[in-house]
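*Asks:* Quick one: structure below, then a few questions.
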Amino acid sequence: MKINLQHKNALVGASTEGLGKAIAIQLALCGASVTLMARNEDKLKQVLSELNTDFNQKHQYIVTDFYDFNSFEKTTINYFKSNQIDILINNTNGPESGGVFDKTTNDYQKAFDLLFKTTNHITMLALENMKKNKFGRIINATSLTVQEPISYLVLSNSIRAAVVTWAKTLSREIAPYNITINNILTGKFDTKRIQELNQSQAIAKGISVEDNLKSIVNDIPAGRLGKSEEFAYLVTFLASEYASYITGTNITIDGGLMKSL
């Protein structure tokens, strides 16, 4: 099976590092024209230079801050005035870690803006042309915590679960237009996010970062953290014609970590 995304335009969130960068690289390798989206312009330029152009794609980037919704809203509205996309990857950094008694109402509002409000806003913008073109692929990078909540990630548990149920609702309304929307429930990957969580956990437990990482890996049946490119392979498949009958689903990629069905 060879995935061909030539003549498709993709927009990838948080694409200067980690999972987002790996997704952008893989989509470009399969022929898509990619728009990178993040807040650090220097990093955006660097990733842009790494994208494959063997199919004469026209890659670009937009500078925006997911943590500032008003700015994000203006930037994306302007982008869609002159661009249309076929593939939307809703991916952001995660909210701050912490338990129920650590968080205020304002913390939940910030997490809602970061994870849900941005996803809803940009998806609605993208859908206008997807419906006209009778093609679209929307992929939400979420977390396995929507099915197995983790006590120290209450913000992520709560708001990402809202994204998943919203996507399920939306999937039924857009399926007649040959538009799919799916959620990837992400496990433990070797990214900056897992490094930050590992460090905060180690401090809370009073153990070394190395020992805490060992305990994380020991819980994963595959015996290791995931690689960003492995995540990108799944996204690329879901973005292709081969996945046209898959929609409204939650797909877990976690090396066997999640215990629930």
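Every chain in the structure tokens takes a letter, A first, then B, and so on in the order presented; its residues are numbered from 1, and the ligands are numbered from 1 following the presented order.
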Applying 7 Å and only C-alpha atoms, which residues near range 225-228 of chain A remain after dropping the ones on its own chain fewer than 4 positions away? List them as an MDAnalysis selection string.
*Replies:* chainID A and resid 18:19 22 188:190 217 232
*Asks:* Select from range 198-235 of chain A every residue with an atom at most 12 Å from any atom of range 27-49 of chain A, then for each give the shortest pair of atoms and their distance in Å to one decimal, using only C-alpha atoms, rows by chain and rising number, as a tab-separated table.
*Replies:*
residue	atom	partner	partner_atom	distance
A:Glu229	CA	A:Leu27	CA	11.0
A:Phe231	CA	A:Leu27	CA	11.9
A:Ala232	CA	A:Leu27	CA	8.1
A:Tyr233	CA	A:Leu27	CA	8.9
A:Leu234	CA	A:Leu27	CA	10.8
A:Val235	CA	A:Leu27	CA	8.6
*Asks:* Would you mind exporting N, CA and C atoms of the selected residues as a PDB file, in the first residue's frame?
*Replies:*
ATOM      1  N   GLU A 229       7.681   9.275  14.800  1.00  0.00           N
ATOM      2  CA  GLU A 229       7.373   8.855  13.432  1.00  0.00           C
ATOM      3  C   GLU A 229       6.320   7.745  13.413  1.00  0.00           C
ATOM      4  N   PHE A 231       3.744   7.587  15.377  1.00  0.00           N
ATOM      5  CA  PHE A 231       2.492   8.335  15.473  1.00  0.00           C
ATOM      6  C   PHE A 231       2.130   8.931  14.114  1.00  0.00           C
ATOM      7  N   ALA A 232       3.142   9.470  13.440  1.00  0.00           N
ATOM      8  CA  ALA A 232       2.925  10.112  12.140  1.00  0.00           C
ATOM      9  C   ALA A 232       2.441   9.124  11.087  1.00  0.00           C
ATOM     10  N   TYR A 233       2.879   7.879  11.151  1.00  0.00           N
ATOM     11  CA  TYR A 233       2.425   6.875  10.187  1.00  0.00           C
ATOM     12  C   TYR A 233       0.914   6.663  10.305  1.00  0.00           C
ATOM     13  N   LEU A 234       0.425   6.613  11.534  1.00  0.00           N
ATOM     14  CA  LEU A 234      -1.008   6.434  11.755  1.00  0.00           C
ATOM     15  C   LEU A 234      -1.792   7.630  11.227  1.00  0.00           C
ATOM     16  N   VAL A 235      -1.309   8.822  11.525  1.00  0.00           N
ATOM     17  CA  VAL A 235      -1.976  10.038  11.056  1.00  0.00           C
ATOM     18  C   VAL A 235      -2.036  10.062   9.531  1.00  0.00           C
TER      19      VAL A 235
END
*Asks:* Hey, can you check how far CA of Glu148 in chain A sits from CA of Ile122 in chain A?
*Replies:*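 These atoms are spaced 27.2 Å apart.
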*Asks:* Kindly assemble as CSV a list of the range 118-147 of chain A residues that lie within 10 Å of range 91-100 of chain A, each paired with its nearest atom pair and their distance in Å to one decimal, using only C-alpha atoms, sorted first by chain and then by ascending residue number.
*Replies:*
residue,atom,partner,partner_atom,distance
A:Thr118,CA,A:Thr92,CA,9.1
A:Thr119,CA,A:Asn91,CA,8.3
A:Ile139,CA,A:Asn91,CA,8.5
A:Asn140,CA,A:Asn91,CA,6.4
A:Ala141,CA,A:Asn91,CA,5.3
A:Thr142,CA,A:Asn91,CA,7.7
A:Ser143,CA,A:Gly94,CA,9.5
*Asks:* Taking only C-alpha atoms into account, produce a table as a tab-separated table in which each residue of range 101-138 of chain A with an atom at most 9 Å from an atom of range 161-166 of chain A appears once, together with its shortest atom pair and the distance in Å to one decimal, ordered by chain and rising number.
*Replies:*
residue	atom	partner	partner_atom	distance
A:Leu115	CA	A:Val163	CA	7.5
A:Phe116	CA	A:Val163	CA	5.8
A:Thr119	CA	A:Val163	CA	7.9
A:Asn120	CA	A:Val163	CA	8.4
*Asks:* Per DSSP on the backbone, filter range 72-243 of chain A down to the residues in strand (DSSP E) and report them as a list of chain:residue names.
*Replies:*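 Answer for range 72-243 of chain A, restricted to strand (DSSP E): A:Ile87, A:Leu88, A:Ile89, A:Asn90, A:Gly136, A:Arg137, A:Ile138, A:Ile139, A:Asn140, A:Ala141, A:Thr142, A:Ser143, A:Ile179, A:Thr180, A:Ile181, A:Asn182, A:Asn183, A:Ile184, A:Leu185, A:Thr186.
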*Asks:* For the residues selected in the previous step, produce a file with N, CA and C atoms as a PDB file, in the first residue's frame.
*Replies:*
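Listed below is the output, result22.pdb:
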ATOM      1  N   ILE A  87      -6.668  18.429   4.718  1.00  0.00           N
ATOM      2  CA  ILE A  87      -6.277  17.629   5.880  1.00  0.00           C
ATOM      3  C   ILE A  87      -5.975  18.578   7.036  1.00  0.00           C
ATOM      4  N   LEU A  88      -6.677  18.398   8.139  1.00  0.00           N
ATOM      5  CA  LEU A  88      -6.466  19.234   9.324  1.00  0.00           C
ATOM      6  C   LEU A  88      -6.010  18.365  10.488  1.00  0.00           C
ATOM      7  N   ILE A  89      -4.863  18.700  11.029  1.00  0.00           N
ATOM      8  CA  ILE A  89      -4.334  17.991  12.196  1.00  0.00           C
ATOM      9  C   ILE A  89      -4.446  18.914  13.390  1.00  0.00           C
ATOM     10  N   ASN A  90      -5.412  18.636  14.260  1.00  0.00           N
ATOM     11  CA  ASN A  90      -5.594  19.427  15.476  1.00  0.00           C
ATOM     12  C   ASN A  90      -4.656  18.889  16.554  1.00  0.00           C
ATOM     13  N   GLY A 136     -12.451  15.596   3.003  1.00  0.00           N
ATOM     14  CA  GLY A 136     -11.781  16.194   4.158  1.00  0.00           C
ATOM     15  C   GLY A 136     -11.344  15.141   5.147  1.00  0.00           C
ATOM     16  N   ARG A 137     -10.219  15.398   5.786  1.00  0.00           N
ATOM     17  CA  ARG A 137      -9.711  14.522   6.835  1.00  0.00           C
ATOM     18  C   ARG A 137      -9.344  15.396   8.037  1.00  0.00           C
ATOM     19  N   ILE A 138     -10.006  15.156   9.148  1.00  0.00           N
ATOM     20  CA  ILE A 138      -9.736  15.896  10.386  1.00  0.00           C
ATOM     21  C   ILE A 138      -9.267  14.890  11.427  1.00  0.00           C
ATOM     22  N   ILE A 139      -8.107  15.152  11.997  1.00  0.00           N
ATOM     23  CA  ILE A 139      -7.514  14.212  12.953  1.00  0.00           C
ATOM     24  C   ILE A 139      -7.139  14.983  14.209  1.00  0.00           C
ATOM     25  N   ASN A 140      -7.696  14.558  15.325  1.00  0.00           N
ATOM     26  CA  ASN A 140      -7.433  15.207  16.606  1.00  0.00           C
ATOM     27  C   ASN A 140      -6.429  14.390  17.417  1.00  0.00           C
ATOM     28  N   ALA A 141      -5.316  14.993  17.739  1.00  0.00           N
ATOM     29  CA  ALA A 141      -4.337  14.335  18.609  1.00  0.00           C
ATOM     30  C   ALA A 141      -4.766  14.578  20.053  1.00  0.00           C
ATOM     31  N   THR A 142      -5.298  13.530  20.678  1.00  0.00           N
ATOM     32  CA  THR A 142      -5.761  13.664  22.058  1.00  0.00           C
ATOM     33  C   THR A 142      -4.918  12.751  22.955  1.00  0.00           C
ATOM     34  N   SER A 143      -5.521  12.141  23.949  1.00  0.00           N
ATOM     35  CA  SER A 143      -4.744  11.346  24.900  1.00  0.00           C
ATOM     36  C   SER A 143      -5.544  10.153  25.381  1.00  0.00           C
ATOM     37  N   ILE A 179     -16.171  13.474   4.476  1.00  0.00           N
ATOM     38  CA  ILE A 179     -15.257  14.078   5.444  1.00  0.00           C
ATOM     39  C   ILE A 179     -15.239  13.185   6.679  1.00  0.00           C
ATOM     40  N   THR A 180     -14.058  12.825   7.111  1.00  0.00           N
ATOM     41  CA  THR A 180     -13.925  12.006   8.314  1.00  0.00           C
ATOM     42  C   THR A 180     -13.270  12.813   9.428  1.00  0.00           C
ATOM     43  N   ILE A 181     -13.587  12.430  10.650  1.00  0.00           N
ATOM     44  CA  ILE A 181     -12.924  13.016  11.816  1.00  0.00           C
ATOM     45  C   ILE A 181     -12.665  11.901  12.816  1.00  0.00           C
ATOM     46  N   ASN A 182     -11.423  11.793  13.252  1.00  0.00           N
ATOM     47  CA  ASN A 182     -11.030  10.736  14.174  1.00  0.00           C
ATOM     48  C   ASN A 182     -10.112  11.282  15.259  1.00  0.00           C
ATOM     49  N   ASN A 183     -10.131  10.598  16.388  1.00  0.00           N
ATOM     50  CA  ASN A 183      -9.297  10.989  17.528  1.00  0.00           C
ATOM     51  C   ASN A 183      -8.216   9.936  17.765  1.00  0.00           C
ATOM     52  N   ILE A 184      -7.001  10.399  17.917  1.00  0.00           N
ATOM     53  CA  ILE A 184      -5.914   9.481  18.266  1.00  0.00           C
ATOM     54  C   ILE A 184      -5.624   9.638  19.754  1.00  0.00           C
ATOM     55  N   LEU A 185      -5.783   8.561  20.492  1.00  0.00           N
ATOM     56  CA  LEU A 185      -5.542   8.569  21.930  1.00  0.00           C
ATOM     57  C   LEU A 185      -4.076   8.219  22.160  1.00  0.00           C
ATOM     58  N   THR A 186      -3.325   9.230  22.479  1.00  0.00           N
ATOM     59  CA  THR A 186      -1.871   9.122  22.516  1.00  0.00           C
ATOM     60  C   THR A 186      -1.363   8.581  23.842  1.00  0.00           C
TER      61      THR A 186
END
*Asks:* Give the alpha helix (DSSP H) residues of range 77-180 of chain A, as assigned by DSSP on the backbone, as a PyMOL selection string.
*Replies:* chain A and resi 77-82+105-111+118-133+154-174
*Asks:* Store the residues of this selection in a file with N, CA and C atoms, as a compact mmCIF listing (two decimals), in the first residue's frame.
*Replies:*
# COMPACT_ATOMS: atom_id res chain seq x y z
N ILE A 77 -8.39 33.06 10.83
CA ILE A 77 -9.41 33.62 9.93
C ILE A 77 -8.74 34.24 8.71
N ASN A 78 -7.66 34.97 8.94
CA ASN A 78 -6.92 35.57 7.82
C ASN A 78 -6.33 34.51 6.90
N TYR A 79 -5.83 33.44 7.50
CA TYR A 79 -5.25 32.35 6.71
C TYR A 79 -6.28 31.74 5.77
N PHE A 80 -7.47 31.48 6.29
CA PHE A 80 -8.48 30.81 5.47
C PHE A 80 -9.13 31.73 4.43
N LYS A 81 -8.86 33.00 4.49
CA LYS A 81 -9.36 33.90 3.45
C LYS A 81 -8.71 33.61 2.10
N SER A 82 -7.49 33.09 2.13
CA SER A 82 -6.76 32.84 0.87
C SER A 82 -6.26 31.41 0.75
N THR A 105 -10.92 27.58 38.67
CA THR A 105 -11.84 27.71 37.53
C THR A 105 -11.13 28.36 36.34
N ASN A 106 -10.25 29.31 36.62
CA ASN A 106 -9.50 29.97 35.56
C ASN A 106 -8.57 28.99 34.84
N ASP A 107 -8.01 28.04 35.57
CA ASP A 107 -7.15 27.03 34.96
C ASP A 107 -7.95 26.18 33.96
N TYR A 108 -9.18 25.84 34.34
CA TYR A 108 -10.02 25.07 33.43
C TYR A 108 -10.38 25.88 32.19
N GLN A 109 -10.61 27.18 32.39
CA GLN A 109 -10.95 28.03 31.25
C GLN A 109 -9.78 28.10 30.27
N LYS A 110 -8.56 28.24 30.79
CA LYS A 110 -7.37 28.29 29.93
C LYS A 110 -7.22 26.97 29.16
N ALA A 111 -7.44 25.86 29.85
CA ALA A 111 -7.32 24.55 29.19
C ALA A 111 -8.41 24.38 28.14
N THR A 118 -9.88 26.17 20.39
CA THR A 118 -9.06 26.27 19.18
C THR A 118 -9.44 25.19 18.18
N THR A 119 -9.68 23.98 18.67
CA THR A 119 -10.04 22.86 17.79
C THR A 119 -11.37 23.12 17.09
N ASN A 120 -12.36 23.54 17.86
CA ASN A 120 -13.67 23.83 17.28
C ASN A 120 -13.59 24.96 16.26
N HIS A 121 -12.89 26.02 16.62
CA HIS A 121 -12.80 27.20 15.75
C HIS A 121 -12.16 26.86 14.40
N ILE A 122 -11.00 26.24 14.43
CA ILE A 122 -10.28 26.01 13.17
C ILE A 122 -10.95 24.91 12.35
N THR A 123 -11.59 23.96 13.01
CA THR A 123 -12.31 22.92 12.27
C THR A 123 -13.48 23.52 11.51
N MET A 124 -14.22 24.42 12.14
CA MET A 124 -15.35 25.06 11.46
C MET A 124 -14.87 25.87 10.25
N LEU A 125 -13.72 26.52 10.36
CA LEU A 125 -13.16 27.25 9.22
C LEU A 125 -12.80 26.30 8.09
N ALA A 126 -12.19 25.19 8.44
CA ALA A 126 -11.74 24.23 7.42
C ALA A 126 -12.90 23.54 6.72
N LEU A 127 -13.97 23.31 7.45
CA LEU A 127 -15.09 22.53 6.93
C LEU A 127 -15.81 23.21 5.77
N GLU A 128 -15.76 24.51 5.71
CA GLU A 128 -16.49 25.22 4.65
C GLU A 128 -16.08 24.73 3.27
N ASN A 129 -14.77 24.69 3.01
CA ASN A 129 -14.30 24.22 1.71
C ASN A 129 -14.28 22.70 1.61
N MET A 130 -14.06 22.03 2.72
CA MET A 130 -14.11 20.56 2.69
C MET A 130 -15.48 20.08 2.20
N LYS A 131 -16.54 20.73 2.67
CA LYS A 131 -17.89 20.35 2.26
C LYS A 131 -18.11 20.63 0.77
N LYS A 132 -17.58 21.76 0.30
CA LYS A 132 -17.71 22.10 -1.12
C LYS A 132 -16.97 21.10 -2.00
N ASN A 133 -15.79 20.68 -1.53
CA ASN A 133 -14.94 19.77 -2.31
C ASN A 133 -15.30 18.30 -2.12
N VAL A 154 -5.63 16.39 35.47
CA VAL A 154 -7.07 16.64 35.51
C VAL A 154 -7.54 17.56 34.39
N LEU A 155 -6.75 18.56 34.01
CA LEU A 155 -7.16 19.47 32.94
C LEU A 155 -7.23 18.74 31.61
N SER A 156 -6.21 17.96 31.32
CA SER A 156 -6.17 17.19 30.09
C SER A 156 -7.30 16.15 30.06
N ASN A 157 -7.48 15.44 31.19
CA ASN A 157 -8.55 14.44 31.27
C ASN A 157 -9.90 15.04 30.89
N SER A 158 -10.19 16.18 31.47
CA SER A 158 -11.51 16.78 31.37
C SER A 158 -11.78 17.37 29.98
N ILE A 159 -10.87 18.21 29.52
CA ILE A 159 -11.14 18.96 28.29
C ILE A 159 -10.94 18.08 27.05
N ARG A 160 -9.95 17.21 27.07
CA ARG A 160 -9.76 16.32 25.91
C ARG A 160 -10.96 15.39 25.75
N ALA A 161 -11.58 14.99 26.85
CA ALA A 161 -12.78 14.16 26.75
C ALA A 161 -13.90 14.91 26.04
N ALA A 162 -13.97 16.21 26.27
CA ALA A 162 -14.97 17.03 25.58
C ALA A 162 -14.69 17.07 24.08
N VAL A 163 -13.41 17.16 23.71
CA VAL A 163 -13.04 17.16 22.29
C VAL A 163 -13.47 15.86 21.62
N VAL A 164 -13.26 14.75 22.31
CA VAL A 164 -13.59 13.44 21.74
C VAL A 164 -15.10 13.29 21.52
N THR A 165 -15.91 13.69 22.48
CA THR A 165 -17.36 13.55 22.32
C THR A 165 -17.90 14.54 21.29
N TRP A 166 -17.30 15.72 21.24
CA TRP A 166 -17.67 16.69 20.20
C TRP A 166 -17.37 16.13 18.81
N ALA A 167 -16.21 15.51 18.66
CA ALA A 167 -15.82 14.95 17.36
C ALA A 167 -16.77 13.82 16.95
N LYS A 168 -17.18 13.01 17.90
CA LYS A 168 -18.12 11.93 17.60
C LYS A 168 -19.43 12.51 17.10
N THR A 169 -19.90 13.56 17.74
CA THR A 169 -21.13 14.22 17.32
C THR A 169 -20.99 14.78 15.92
N LEU A 170 -19.88 15.46 15.67
CA LEU A 170 -19.63 16.08 14.37
C LEU A 170 -19.50 15.04 13.26
N SER A 171 -18.94 13.89 13.57
CA SER A 171 -18.67 12.88 12.54
C SER A 171 -19.93 12.47 11.79
N ARG A 172 -21.05 12.41 12.46
CA ARG A 172 -22.30 11.99 11.83
C ARG A 172 -22.83 13.05 10.86
N GLU A 173 -22.53 14.30 11.15
CA GLU A 173 -23.03 15.39 10.32
C GLU A 173 -22.19 15.63 9.06
N ILE A 174 -20.92 15.27 9.10
CA ILE A 174 -20.04 15.55 7.96
C ILE A 174 -19.75 14.31 7.11
*Asks:* What separation in Å, quoted to one decimal, exists between CA of Gly187 in chain A and CA of Gly255 in chain A?
*Replies:* 7.5 Å
*Asks:* By how many Å are CA of Phe112 in chain A and CA of Thr236 in chain A apart?
*Replies:*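 Interatomic distance here is 26.9 Å.
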*Asks:* List the spatial neighbours of Asn198 in chain A as a list of chain:residue names - criterion: any atom at most 7 Å away, only C-alpha atoms, same-chain residues fewer than 3 positions off excluded.
*Replies:*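 In the requested format, the answer is A:Ile194, A:Gln195, A:Gln201, A:Ala202, A:Val209, A:Asn212, A:Leu213.
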